[in-house]
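Structure file work_19.tsv (TSV, C-alpha atoms and all ligand atoms) follows.
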```
chain	number	residue	atom	x	y	z
A	5	MET	CA	80.63	-29.42	-2.73
A	6	LYS	CA	78.47	-30.42	0.20
A	7	PRO	CA	76.61	-27.67	2.01
A	8	ARG	CA	77.51	-27.30	5.69
A	9	HIS	CA	74.82	-27.28	8.32
A	10	ALA	CA	74.31	-24.07	10.26
A	11	ALA	CA	73.22	-25.90	13.39
A	12	PRO	CA	73.71	-29.45	14.52
A	13	LEU	CA	70.92	-31.70	13.33
A	14	PRO	CA	69.93	-35.03	14.85
A	15	THR	CA	71.55	-38.12	13.46
A	16	LEU	CA	69.63	-40.50	11.25
A	17	ALA	CA	69.54	-43.00	14.08
A	18	ALA	CA	67.97	-40.46	16.41
A	19	LEU	CA	65.40	-39.58	13.77
A	20	ALA	CA	64.64	-43.24	13.17
A	21	LEU	CA	64.03	-43.69	16.90
A	22	LEU	CA	61.78	-40.64	16.93
A	23	GLY	CA	59.87	-42.00	13.98
A	24	LEU	CA	59.40	-45.37	15.61
A	25	ALA	CA	58.34	-43.81	18.88
A	26	THR	CA	55.68	-41.61	17.28
A	27	ALA	CA	54.45	-44.40	15.01
A	28	CYS	CA	54.14	-46.87	17.87
A	29	GLU	CA	50.52	-47.82	18.29
A	30	PRO	CA	49.29	-51.30	19.13
A	31	SER	CA	47.36	-51.99	15.93
A	32	LYS	CA	49.98	-50.51	13.63
A	33	PRO	CA	52.55	-52.54	11.69
A	34	THR	CA	56.15	-52.08	12.81
A	35	THR	CA	57.21	-50.74	9.44
A	36	PRO	CA	58.90	-47.35	9.78
A	37	PRO	CA	57.03	-44.58	8.00
A	38	GLY	CA	59.68	-44.48	5.31
A	39	THR	CA	60.40	-40.78	5.29
A	40	GLY	CA	64.17	-41.17	5.36
A	41	SER	CA	66.49	-42.80	2.90
A	42	PRO	CA	64.97	-44.96	0.19
A	43	SER	CA	64.83	-48.66	1.01
A	44	PHE	CA	64.58	-51.63	-1.29
A	45	SER	CA	64.45	-54.56	1.09
A	46	ALA	CA	62.92	-57.19	-1.12
A	47	THR	CA	63.39	-55.50	-4.45
A	48	LYS	CA	66.05	-56.39	-6.97
A	49	SER	CA	67.69	-53.27	-8.28
A	50	GLN	CA	69.19	-52.34	-11.61
A	51	PRO	CA	72.86	-51.35	-11.67
A	52	ASP	CA	73.17	-48.36	-9.39
A	53	ASP	CA	73.13	-45.12	-11.33
A	54	SER	CA	72.44	-43.03	-8.23
A	55	ALA	CA	75.96	-41.65	-7.92
A	56	ALA	CA	75.71	-39.98	-11.34
A	57	LEU	CA	72.27	-38.62	-10.50
A	58	VAL	CA	73.44	-37.22	-7.16
A	59	ALA	CA	76.33	-35.46	-8.91
A	60	ARG	CA	74.01	-33.94	-11.50
A	61	VAL	CA	71.53	-32.86	-8.81
A	62	GLN	CA	74.31	-31.15	-6.87
A	63	GLN	CA	75.25	-29.24	-10.04
A	64	VAL	CA	71.64	-28.18	-10.51
A	65	ASN	CA	71.43	-27.08	-6.88
A	66	GLN	CA	74.50	-24.88	-7.39
A	67	GLN	CA	72.88	-23.38	-10.49
A	68	LEU	CA	69.71	-22.65	-8.52
A	69	ALA	CA	71.73	-20.98	-5.77
A	70	ALA	CA	73.73	-18.95	-8.30
A	71	GLN	CA	70.45	-17.68	-9.77
A	72	GLY	CA	69.27	-16.58	-6.34
A	73	TYR	CA	66.71	-19.33	-5.71
A	74	ASN	CA	66.36	-20.53	-2.12
A	75	VAL	CA	65.33	-24.07	-3.08
A	76	ALA	CA	67.36	-27.22	-3.75
A	77	ILE	CA	66.52	-30.71	-4.98
A	78	GLU	CA	66.57	-33.04	-1.97
A	79	GLY	CA	65.07	-36.34	-3.06
A	80	ILE	CA	63.90	-38.28	-6.11
A	81	ASP	CA	61.92	-41.55	-5.95
A	82	PHE	CA	61.25	-43.80	-8.92
A	83	LEU	CA	58.24	-46.06	-9.35
A	84	THR	CA	59.13	-48.82	-11.78
A	85	ILE	CA	57.76	-51.82	-13.58
A	86	GLY	CA	59.90	-54.96	-13.21
A	87	ASN	CA	63.11	-54.22	-11.34
A	88	GLY	CA	63.34	-51.50	-8.71
A	89	ARG	CA	65.48	-48.41	-9.19
A	90	PRO	CA	67.07	-46.73	-6.16
A	91	GLY	CA	66.05	-43.17	-5.51
A	92	ILE	CA	68.33	-40.51	-4.07
A	93	ARG	CA	68.52	-38.26	-1.01
A	94	ILE	CA	71.05	-35.44	-0.69
A	95	HIS	CA	70.98	-35.27	3.12
A	96	GLN	CA	70.38	-37.88	5.80
A	97	GLU	CA	67.67	-35.90	7.56
A	98	GLY	CA	64.07	-36.34	6.52
A	99	PHE	CA	61.97	-33.49	5.16
A	100	ARG	CA	58.48	-32.28	5.92
A	101	TRP	CA	56.10	-29.53	4.89
A	102	VAL	CA	56.01	-26.54	7.26
A	103	PRO	CA	52.52	-25.22	8.07
A	104	ASN	CA	51.95	-21.58	7.07
A	105	ASP	CA	55.39	-21.32	5.42
A	106	PRO	CA	55.50	-17.85	3.80
A	107	ARG	CA	58.43	-18.85	1.56
A	108	ARG	CA	56.18	-21.08	-0.54
A	109	ASP	CA	53.15	-18.79	-0.30
A	110	ALA	CA	51.51	-21.47	1.81
A	111	ASP	CA	47.74	-21.45	1.82
A	112	GLY	CA	47.73	-21.44	5.60
A	113	THR	CA	47.78	-24.99	6.83
A	114	ASN	CA	46.33	-26.31	3.58
A	115	ILE	CA	48.44	-28.19	1.04
A	116	THR	CA	47.76	-27.25	-2.58
A	117	TYR	CA	48.19	-29.18	-5.82
A	118	LEU	CA	47.92	-28.42	-9.49
A	119	PHE	CA	47.58	-30.61	-12.59
A	120	ASP	CA	49.45	-29.37	-15.66
A	121	GLN	CA	46.75	-29.81	-18.29
A	122	SER	CA	49.04	-29.21	-21.27
A	123	ASN	CA	50.81	-32.53	-20.57
A	124	GLY	CA	47.71	-34.56	-19.79
A	125	VAL	CA	47.27	-36.49	-23.04
A	126	THR	CA	48.95	-39.91	-23.26
A	127	ALA	CA	50.39	-41.72	-26.27
A	128	SER	CA	48.23	-44.65	-25.15
A	129	GLY	CA	45.12	-42.65	-26.09
A	130	LEU	CA	43.90	-41.06	-22.85
A	131	SER	CA	42.62	-37.49	-22.93
A	132	ALA	CA	43.89	-34.80	-20.57
A	133	GLY	CA	40.47	-34.82	-18.95
A	134	GLN	CA	40.78	-38.54	-18.19
A	135	THR	CA	44.25	-38.35	-16.67
A	136	GLU	CA	43.37	-35.22	-14.67
A	137	ALA	CA	40.30	-36.97	-13.25
A	138	ALA	CA	42.45	-39.96	-12.23
A	139	VAL	CA	44.96	-37.69	-10.49
A	140	ASP	CA	42.11	-35.83	-8.78
A	141	ALA	CA	40.70	-39.16	-7.57
A	142	ALA	CA	44.09	-40.09	-6.09
A	143	LEU	CA	44.39	-36.78	-4.25
A	144	ALA	CA	40.79	-37.11	-3.05
A	145	THR	CA	41.69	-40.51	-1.61
A	146	TRP	CA	44.58	-39.09	0.41
A	147	ALA	CA	42.45	-36.07	1.39
A	148	GLY	CA	39.76	-38.37	2.73
A	149	ASP	CA	42.18	-40.68	4.54
A	150	ARG	CA	41.84	-40.66	8.29
A	151	ALA	CA	45.60	-40.30	8.75
A	152	LEU	CA	45.40	-36.96	6.92
A	153	LYS	CA	42.39	-35.58	8.76
A	154	LYS	CA	44.36	-32.60	10.10
A	155	VAL	CA	45.33	-31.27	6.68
A	156	THR	CA	43.11	-29.99	3.89
A	157	ILE	CA	44.23	-30.64	0.34
A	158	ILE	CA	43.15	-28.00	-2.15
A	159	LYS	CA	43.34	-28.02	-5.94
A	160	ARG	CA	44.60	-24.93	-7.71
A	161	ALA	CA	43.53	-24.10	-11.25
A	162	ASP	CA	46.05	-24.43	-14.07
A	163	SER	CA	46.50	-20.89	-15.39
A	164	GLY	CA	48.69	-22.07	-18.23
A	165	ALA	CA	51.84	-20.65	-16.65
A	166	ASP	CA	54.68	-23.20	-16.37
A	167	PRO	CA	54.26	-24.67	-12.86
A	168	THR	CA	57.38	-26.89	-12.87
A	169	ILE	CA	61.12	-26.28	-12.59
A	170	PHE	CA	62.79	-29.72	-12.51
A	171	ASP	CA	62.08	-30.40	-16.20
A	172	PHE	CA	64.07	-27.29	-17.14
A	173	PHE	CA	67.31	-28.83	-15.91
A	174	PHE	CA	66.86	-32.41	-17.04
A	175	PHE	CA	64.86	-32.09	-20.22
A	176	CYS	CA	63.83	-28.97	-22.00
A	177	GLY	CA	66.23	-26.15	-21.09
A	178	ALA	CA	65.72	-22.50	-21.96
A	179	SER	CA	64.88	-23.11	-25.63
A	180	ARG	CA	62.02	-25.56	-25.13
A	181	CYS	CA	60.82	-24.74	-21.60
A	182	GLY	CA	60.79	-21.02	-22.32
A	183	GLY	CA	62.24	-20.35	-18.88
A	184	LEU	CA	62.69	-21.95	-15.51
A	185	GLY	CA	59.01	-22.01	-14.56
A	186	ASN	CA	57.32	-20.83	-11.36
A	187	PRO	CA	57.99	-23.18	-8.45
A	188	PHE	CA	55.29	-21.73	-6.20
A	189	LEU	CA	52.05	-21.93	-8.17
A	190	ALA	CA	51.12	-24.89	-5.96
A	191	ASP	CA	52.88	-27.00	-3.33
A	192	ILE	CA	52.50	-30.17	-5.42
A	193	VAL	CA	52.42	-30.24	-9.21
A	194	ASP	CA	51.31	-33.32	-11.10
A	195	ALA	CA	53.24	-32.37	-14.21
A	196	GLY	CA	51.68	-34.85	-16.62
A	197	PHE	CA	53.19	-37.16	-19.20
A	198	TYR	CA	56.72	-36.57	-20.48
A	199	PRO	CA	58.81	-38.25	-23.23
A	200	ARG	CA	61.10	-41.20	-22.70
A	201	ALA	CA	64.26	-39.13	-23.09
A	202	PHE	CA	63.44	-37.25	-19.89
A	203	PHE	CA	63.34	-40.50	-17.92
A	204	ASP	CA	66.60	-41.69	-19.50
A	205	ALA	CA	68.18	-38.37	-18.54
A	206	VAL	CA	67.06	-38.57	-14.91
A	207	GLY	CA	67.17	-42.31	-14.28
A	208	GLY	CA	70.19	-43.24	-16.38
A	209	PRO	CA	70.44	-46.17	-18.80
A	210	GLY	CA	67.13	-48.02	-19.08
A	211	GLY	CA	65.31	-45.31	-17.15
A	212	GLY	CA	62.92	-44.56	-19.96
A	213	ARG	CA	61.96	-48.23	-20.26
A	214	GLY	CA	61.56	-49.05	-16.57
A	215	ILE	CA	60.38	-45.88	-14.78
A	216	LEU	CA	56.62	-45.34	-14.74
A	217	ALA	CA	56.78	-42.08	-12.82
A	218	PHE	CA	58.92	-40.21	-10.34
A	219	SER	CA	58.51	-37.64	-7.61
A	220	VAL	CA	61.00	-34.83	-6.91
A	221	THR	CA	61.06	-32.98	-3.62
A	222	PHE	CA	62.84	-29.65	-3.17
A	223	ILE	CA	63.73	-28.17	0.22
A	224	PHE	CA	64.44	-24.59	1.25
A	225	VAL	CA	68.09	-23.57	1.65
A	226	THR	CA	69.92	-20.41	2.68
A	227	ALA	CA	71.82	-18.28	0.17
A	228	SER	CA	74.88	-20.45	0.86
A	229	GLY	CA	72.98	-23.65	0.25
A	230	VAL	CA	72.42	-24.74	3.84
A	231	PRO	CA	69.08	-26.53	4.43
A	232	THR	CA	66.70	-24.75	6.79
A	233	ASP	CA	64.47	-25.94	9.63
A	234	ILE	CA	62.51	-22.78	10.48
A	235	ASN	CA	59.92	-24.54	12.61
A	236	GLY	CA	62.46	-26.53	14.64
A	237	ASP	CA	60.85	-29.94	14.09
A	238	ASN	CA	64.20	-31.50	13.16
A	239	TYR	CA	63.05	-32.05	9.59
A	240	LEU	CA	64.32	-30.13	6.60
A	241	ASP	CA	61.65	-27.79	5.26
A	242	THR	CA	59.92	-29.01	2.11
A	243	ALA	CA	59.61	-26.29	-0.52
A	244	LEU	CA	57.81	-27.99	-3.39
A	245	ASN	CA	57.18	-31.34	-5.01
A	246	GLU	CA	56.77	-32.28	-8.67
A	247	VAL	CA	55.47	-35.57	-10.12
A	248	TYR	CA	56.28	-36.72	-13.67
A	249	PHE	CA	54.66	-39.61	-15.59
A	250	ASN	CA	56.41	-41.50	-18.41
A	251	ASN	CA	54.53	-41.27	-21.70
A	252	THR	CA	56.49	-44.25	-23.07
A	253	PHE	CA	53.89	-46.68	-21.73
A	254	GLY	CA	51.40	-47.54	-24.46
A	255	ASP	CA	53.21	-45.51	-27.11
A	256	PRO	CA	52.72	-47.55	-30.34
A	257	ALA	CA	56.17	-46.42	-31.51
A	258	ASN	CA	58.16	-48.27	-28.85
A	259	ASP	CA	58.80	-51.38	-26.78
A	260	ARG	CA	56.35	-50.51	-24.00
A	261	VAL	CA	53.26	-50.54	-26.19
A	262	GLY	CA	52.14	-53.63	-24.26
A	263	ASN	CA	51.87	-51.71	-20.97
A	264	PRO	CA	49.55	-48.83	-21.83
A	265	TRP	CA	48.43	-46.15	-19.39
A	266	GLY	CA	44.72	-46.62	-18.82
A	267	ILE	CA	41.79	-45.88	-16.53
A	268	ASP	CA	41.07	-48.70	-14.07
A	269	VAL	CA	43.08	-51.12	-16.23
A	270	ALA	CA	44.54	-54.37	-14.93
A	271	LEU	CA	48.10	-55.46	-15.69
A	272	PRO	CA	49.73	-55.48	-18.18
A	273	GLY	CA	48.06	-52.07	-18.44
A	274	ILE	CA	49.17	-49.31	-16.05
A	275	ASP	CA	46.46	-47.60	-14.03
A	276	VAL	CA	46.91	-43.84	-13.84
A	277	GLN	CA	45.05	-43.44	-10.55
A	278	THR	CA	47.16	-46.12	-8.85
A	279	VAL	CA	50.41	-44.47	-9.93
A	280	ALA	CA	49.09	-41.04	-8.97
A	281	LEU	CA	48.14	-42.32	-5.50
A	282	HIS	CA	51.69	-43.65	-5.05
A	283	GLU	CA	53.41	-40.53	-6.41
A	284	ASN	CA	51.31	-38.11	-4.41
A	285	GLY	CA	52.05	-40.26	-1.37
A	286	HIS	CA	55.63	-39.08	-1.89
A	287	SER	CA	54.39	-35.52	-2.40
A	288	LEU	CA	52.75	-35.73	1.01
A	289	GLY	CA	55.98	-36.99	2.59
A	290	LEU	CA	56.10	-40.79	2.41
A	291	GLY	CA	59.11	-42.73	1.17
A	292	HIS	CA	59.16	-46.27	-0.22
A	293	PHE	CA	58.79	-49.37	1.88
A	294	GLY	CA	58.24	-53.08	1.43
A	295	PRO	CA	57.28	-55.40	0.03
A	296	PRO	CA	56.54	-56.85	2.49
A	297	PRO	CA	54.22	-55.40	3.53
A	298	THR	CA	52.14	-54.82	0.42
A	299	ALA	CA	51.51	-51.10	0.22
A	300	VAL	CA	50.71	-48.24	-2.10
A	301	MET	CA	54.28	-47.12	-1.35
A	302	ASN	CA	55.97	-50.29	-2.62
A	303	PRO	CA	58.63	-49.17	-5.13
A	304	VAL	CA	57.55	-51.52	-7.95
A	305	TYR	CA	54.13	-51.35	-9.64
A	306	GLY	CA	51.84	-54.18	-8.54
A	307	GLY	CA	48.51	-53.58	-10.27
A	308	ILE	CA	45.47	-51.52	-9.29
A	309	ARG	CA	45.61	-50.06	-5.77
A	310	HIS	CA	43.14	-47.27	-5.14
A	311	SER	CA	43.22	-47.24	-1.34
A	312	PRO	CA	46.03	-46.89	1.20
A	313	LEU	CA	46.94	-50.07	3.09
A	314	PRO	CA	47.77	-50.22	6.83
A	315	ALA	CA	51.49	-49.56	6.34
A	316	ASP	CA	50.71	-46.49	4.21
A	317	ASP	CA	48.37	-45.17	6.87
A	318	ALA	CA	50.91	-45.76	9.64
A	319	GLY	CA	53.42	-43.70	7.69
A	320	MET	CA	50.96	-40.92	6.95
A	321	ASN	CA	49.82	-40.84	10.55
A	322	ALA	CA	53.41	-40.32	11.74
A	323	LEU	CA	53.87	-37.53	9.20
A	324	TRP	CA	50.67	-35.59	9.84
A	325	ARG	CA	49.62	-36.28	13.43
A	326	SER	CA	51.27	-33.11	14.75
A	327	TRP	CA	50.02	-30.87	11.92
A	328	PRO	CA	48.10	-27.96	13.44
A	329	ASN	CA	44.35	-28.32	13.31
A	330	PRO	CA	42.94	-25.63	11.02
B	1	CA	CA	51.09	-26.22	-18.89
B	2	CA	CA	58.60	-26.59	-16.46
B	3	CA	CA	55.36	-26.13	-7.22
B	4	CA	CA	61.34	-28.20	9.61
B	5	ZN	ZN	57.72	-44.06	-5.43
```
How would this structure read if it were set down as structure tokens?
Ligand SMILES: [Ca+2]
Ligand SMILES: [Ca+2]
Ligand SMILES: [Ca+2]
Ligand SMILES: [Ca+2]
Ligand SMILES: [Zn+2]
Amino acid sequence: MKPRHAAPLPTLAALALLGLATACEPSKPTTPPGTGSPSFSATKSQPDDSAALVARVQQVNQQLAAQGYNVAIEGIDFLTIGNGRPGIRIHQEGFRWVPNDPRRDADGTNITYLFDQSNGVTASGLSAGQTEAAVDAALATWAGDRALKKVTIIKRADSGADPTIFDFFFFCGASRCGGLGNPFLADIVDAGFYPRAFFDAVGGPGGGRGILAFSVTFIFVTASGVPTDINGDNYLDTALNEVYFNNTFGDPANDRVGNPWGIDVALPGIDVQTVALHENGHSLGLGHFGPPPTAVMNPVYGGIRHSPLPADDAGMNALWRSWPNP
């Protein structure tokens, strides 16, 4: 069942034009900011499992609505090694954070994030302190980026309470999760490293072997499941974002032992900070694009990248230029 829209929303084409118009500056690349549907221009994709994932997500969204939650899964983006893997969007319209949104207990115009320390250790031998520091470095990079100068990114402490909800539906359930979790402990949760089975469950066959990490964005919906746009910016209102890392990589017990998560490691190792910079780029609103151009937001891992490239900045600038100055 597809939710109906309460009010007419602009078509994708109109939004694309808007995006191009706002992103149009002489020195900027012509790449669209990539906030709409996932694109895989130059990337070979695995067999398309997105239809099954969309169906499962729609089931989950109905469960959330039945339990009285006003949030729904809107988009999932996979970062892979090797072949690309298409992400999903439930609606055509893009989504953006709403400043001062009381529904997510917004910290004013700040955006908050939290690192779930209980899932910080990797099978490749990294400590939770090491992976948390790498995620912090990635967020600090976005926070210090000129394109994000209007927004302040703030870290929230991990109280130990379960800060994630997506894993409940696709992995642990009531028995192992101990409950749904609290979706509003922070706007963005870097949820840490999860077992291979979780990535198979979300990504479909081969997901656990190919997906390094993924980002899930939820939007706000009405009691009948209709997406909201309370600030009238023609973007669906982002409710929360969760980022999950695949603990398969570097696990001595499996076939990805040769691609271990590490700190500042070159390929074939996988650099935590690079993946965190990419994933939290999604959390802040970017979609995939390229290659070309080479960018942090390319959908396939390409080695250490600790700084945004021009296409990433063009996208972020389009997303955040109208954010109110604090
Ligand atoms: Ca925890
Ligand atoms: Ca959880
Ligand atoms: Ca959250
Ligand atoms: Ca909106
Ligand atoms: Zn991605």
CA of Ala144 (chain A) sits from CA of His286 (chain A) at a separation of 15.0 Å
Close residues to ligand ZN 5 (chain B) using all atoms listed in the file, limit 10 Å, as a ChimeraX atom specification | /A:42,80-84,88-91,215-220,247,279-287,290-293,300-305
Let me have all residues with an atom within 6 Å of ligand CA 4 (chain B), counting only C-alpha atoms and all ligand atoms, laid out as a ChimeraX atom specification.
-> /A:233-241
Which one of A:Glu97, A:Val125, A:Asn250, A:Lys154 sits closest to Thr113 (chain A) if you count all atoms listed in the file?
->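 Of A:Glu97, A:Val125, A:Asn250, A:Lys154, the one nearest Thr113 (chain A) is A:Lys154, counting all atoms listed in the file.
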List every protein, DNA or RNA residue with an atom no more than 12 Å from (56.5, -49.5, -22.3) in the file's coordinates, counting only C-alpha atoms, and format the result as a short mmCIF file (atom, residue, chain, number, x, y, z; two decimals) with C-alpha atoms, in the frame of the given file.
```
data_model
loop_
_atom_site.label_atom_id
_atom_site.label_comp_id
_atom_site.auth_asym_id
_atom_site.auth_seq_id
_atom_site.Cartn_x
_atom_site.Cartn_y
_atom_site.Cartn_z
CA THR A 84 59.13 -48.82 -11.78
CA ILE A 85 57.76 -51.82 -13.58
CA GLY A 86 59.90 -54.96 -13.21
CA ALA A 127 50.39 -41.72 -26.27
CA SER A 128 48.23 -44.65 -25.15
CA PRO A 199 58.81 -38.25 -23.23
CA ARG A 200 61.10 -41.20 -22.70
CA GLY A 210 67.13 -48.02 -19.08
CA GLY A 211 65.31 -45.31 -17.15
CA GLY A 212 62.92 -44.56 -19.96
CA ARG A 213 61.96 -48.23 -20.26
CA GLY A 214 61.56 -49.05 -16.57
CA ILE A 215 60.38 -45.88 -14.78
CA LEU A 216 56.62 -45.34 -14.74
CA ASN A 250 56.41 -41.50 -18.41
CA ASN A 251 54.53 -41.27 -21.70
CA THR A 252 56.49 -44.25 -23.07
CA PHE A 253 53.89 -46.68 -21.73
CA GLY A 254 51.40 -47.54 -24.46
CA ASP A 255 53.21 -45.51 -27.11
CA PRO A 256 52.72 -47.55 -30.34
CA ALA A 257 56.17 -46.42 -31.51
CA ASN A 258 58.16 -48.27 -28.85
CA ASP A 259 58.80 -51.38 -26.78
CA ARG A 260 56.35 -50.51 -24.00
CA VAL A 261 53.26 -50.54 -26.19
CA GLY A 262 52.14 -53.63 -24.26
CA ASN A 263 51.87 -51.71 -20.97
CA PRO A 264 49.55 -48.83 -21.83
CA TRP A 265 48.43 -46.15 -19.39
CA PRO A 272 49.73 -55.48 -18.18
CA GLY A 273 48.06 -52.07 -18.44
CA ILE A 274 49.17 -49.31 -16.05
#
```
Rounded to one decimal place, report the CA of Ala55 (chain A)-CA of Tyr248 (chain A) distance in Å.
->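 Spanning CA of Ala55 (chain A) to CA of Tyr248 (chain A) is a straight-line distance of 21.1 Å.
Coordinates place CA of Glu136 (chain A) at a distance of 7.3 Å from CA of Gln121 (chain A).
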Mind checking which residues fall within 8 Å of Phe172 (chain A), counting all atoms listed in the file, ignoring those fewer than 2 positions away in the same chain, and posting them as a ChimeraX atom specification?
-> /A:168-170,174-178,181,183-185
Please provide the set of residues having any atom within 12 Å of Arg60 (chain A), restricted to only C-alpha atoms, with same-chain residues fewer than 2 positions apart removed, written as a count of residues only.
-> 22
Surroundings of ligand CA 3 (chain B) up to 6 Å, based on all atoms listed in the file, as a ChimeraX atom specification = /A:167,187-193,244-245
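Restricting the atom set to only C-alpha atoms and all ligand atoms, one finds that the residues within 8 Å of ligand CA 1 (chain B) amount to Asp120, Gln121, Ser122, Asn123, Asp162, Ser163, Gly164, Ala165, Asp166 and Pro167 of chain A.
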Option closest in space to Thr156 (chain A), from A:Asn87, A:Asn114, A:Gln71, A:Gln96 [counting only C-alpha atoms] |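 For Thr156 (chain A), the nearest of the given residues is A:Asn114.
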Measuring atom to atom with only C-alpha atoms, identify which of A:Gly112, A:Pro231, A:Pro297, A:Gly266 is nearest to Val75 (chain A).
->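 Closest candidate: A:Pro231.
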Proximity to Gly79 (chain A) - best of A:Asp204, A:Glu246, A:Asp194, A:Asp149, all atoms listed in the file =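 Closest residue, counting all atoms listed in the file: A:Glu246.
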Which residue, A:Leu288, A:Leu143, A:Ala151, A:Ile158, has the smallest gap to Ala315 (chain A) when you use only C-alpha atoms?
->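 Looking only at the distances to Ala315 (chain A), the closest residue turns out to be A:Ala151.
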Selected residue of minimal separation from Ala195 (chain A) among A:Thr135, A:Thr145, A:Thr242, A:Asn321, counting only C-alpha atoms =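 Using only C-alpha atoms, the shortest distance to Ala195 (chain A) belongs to A:Thr135.
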Within 8 Å of (39.8, -41.4, -15.6), only C-alpha atoms: residues as a list in words?
->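 Those residues, ordered by chain and then number, are Gly133, Gln134, Thr135, Glu136, Ala137, Ala138, Gly266, Ile267, Asp268, Val276 and Gln277 of chain A.
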Write region 261-276 of chain A as a PDB file, in the frame of the given file, completed to N, CA and C atoms.
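Contents of part10.pdb, as written:
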```pdb
ATOM      1  N   VAL A 261      54.624 -50.650 -25.698  1.00  0.00           N
ATOM      2  CA  VAL A 261      53.260 -50.540 -26.190  1.00  0.00           C
ATOM      3  C   VAL A 261      52.345 -51.524 -25.467  1.00  0.00           C
ATOM      4  N   GLY A 262      52.931 -52.610 -24.936  1.00  0.00           N
ATOM      5  CA  GLY A 262      52.140 -53.630 -24.260  1.00  0.00           C
ATOM      6  C   GLY A 262      51.734 -53.279 -22.836  1.00  0.00           C
ATOM      7  N   ASN A 263      52.208 -52.152 -22.332  1.00  0.00           N
ATOM      8  CA  ASN A 263      51.870 -51.710 -20.970  1.00  0.00           C
ATOM      9  C   ASN A 263      51.263 -50.303 -21.008  1.00  0.00           C
ATOM     10  N   PRO A 264      50.096 -50.179 -21.622  1.00  0.00           N
ATOM     11  CA  PRO A 264      49.550 -48.830 -21.830  1.00  0.00           C
ATOM     12  C   PRO A 264      48.946 -48.207 -20.573  1.00  0.00           C
ATOM     13  N   TRP A 265      49.176 -46.906 -20.407  1.00  0.00           N
ATOM     14  CA  TRP A 265      48.430 -46.150 -19.390  1.00  0.00           C
ATOM     15  C   TRP A 265      46.945 -46.290 -19.685  1.00  0.00           C
ATOM     16  N   GLY A 266      46.154 -46.502 -18.629  1.00  0.00           N
ATOM     17  CA  GLY A 266      44.720 -46.620 -18.820  1.00  0.00           C
ATOM     18  C   GLY A 266      43.980 -46.186 -17.567  1.00  0.00           C
ATOM     19  N   ILE A 267      42.662 -46.231 -17.655  1.00  0.00           N
ATOM     20  CA  ILE A 267      41.790 -45.880 -16.530  1.00  0.00           C
ATOM     21  C   ILE A 267      41.214 -47.172 -15.979  1.00  0.00           C
ATOM     22  N   ASP A 268      41.547 -47.473 -14.734  1.00  0.00           N
ATOM     23  CA  ASP A 268      41.070 -48.700 -14.070  1.00  0.00           C
ATOM     24  C   ASP A 268      41.448 -49.956 -14.857  1.00  0.00           C
ATOM     25  N   VAL A 269      42.644 -49.949 -15.447  1.00  0.00           N
ATOM     26  CA  VAL A 269      43.080 -51.120 -16.230  1.00  0.00           C
ATOM     27  C   VAL A 269      43.909 -52.057 -15.358  1.00  0.00           C
ATOM     28  N   ALA A 270      43.724 -53.361 -15.599  1.00  0.00           N
ATOM     29  CA  ALA A 270      44.540 -54.370 -14.930  1.00  0.00           C
ATOM     30  C   ALA A 270      45.862 -54.535 -15.688  1.00  0.00           C
ATOM     31  N   LEU A 271      46.850 -55.114 -15.011  1.00  0.00           N
ATOM     32  CA  LEU A 271      48.100 -55.460 -15.690  1.00  0.00           C
ATOM     33  C   LEU A 271      47.791 -56.366 -16.886  1.00  0.00           C
ATOM     34  N   PRO A 272      48.504 -56.260 -17.993  1.00  0.00           N
ATOM     35  CA  PRO A 272      49.730 -55.480 -18.180  1.00  0.00           C
ATOM     36  C   PRO A 272      49.511 -53.988 -18.402  1.00  0.00           C
ATOM     37  N   GLY A 273      48.269 -53.504 -18.369  1.00  0.00           N
ATOM     38  CA  GLY A 273      48.060 -52.070 -18.440  1.00  0.00           C
ATOM     39  C   GLY A 273      48.521 -51.390 -17.153  1.00  0.00           C
ATOM     40  N   ILE A 274      48.706 -50.080 -17.212  1.00  0.00           N
ATOM     41  CA  ILE A 274      49.170 -49.310 -16.050  1.00  0.00           C
ATOM     42  C   ILE A 274      48.082 -48.309 -15.693  1.00  0.00           C
ATOM     43  N   ASP A 275      47.590 -48.415 -14.479  1.00  0.00           N
ATOM     44  CA  ASP A 275      46.460 -47.600 -14.030  1.00  0.00           C
ATOM     45  C   ASP A 275      46.927 -46.228 -13.524  1.00  0.00           C
ATOM     46  N   VAL A 276      46.454 -45.197 -14.174  1.00  0.00           N
ATOM     47  CA  VAL A 276      46.910 -43.840 -13.840  1.00  0.00           C
ATOM     48  C   VAL A 276      46.624 -43.485 -12.383  1.00  0.00           C
TER      49      VAL A 276
END
```
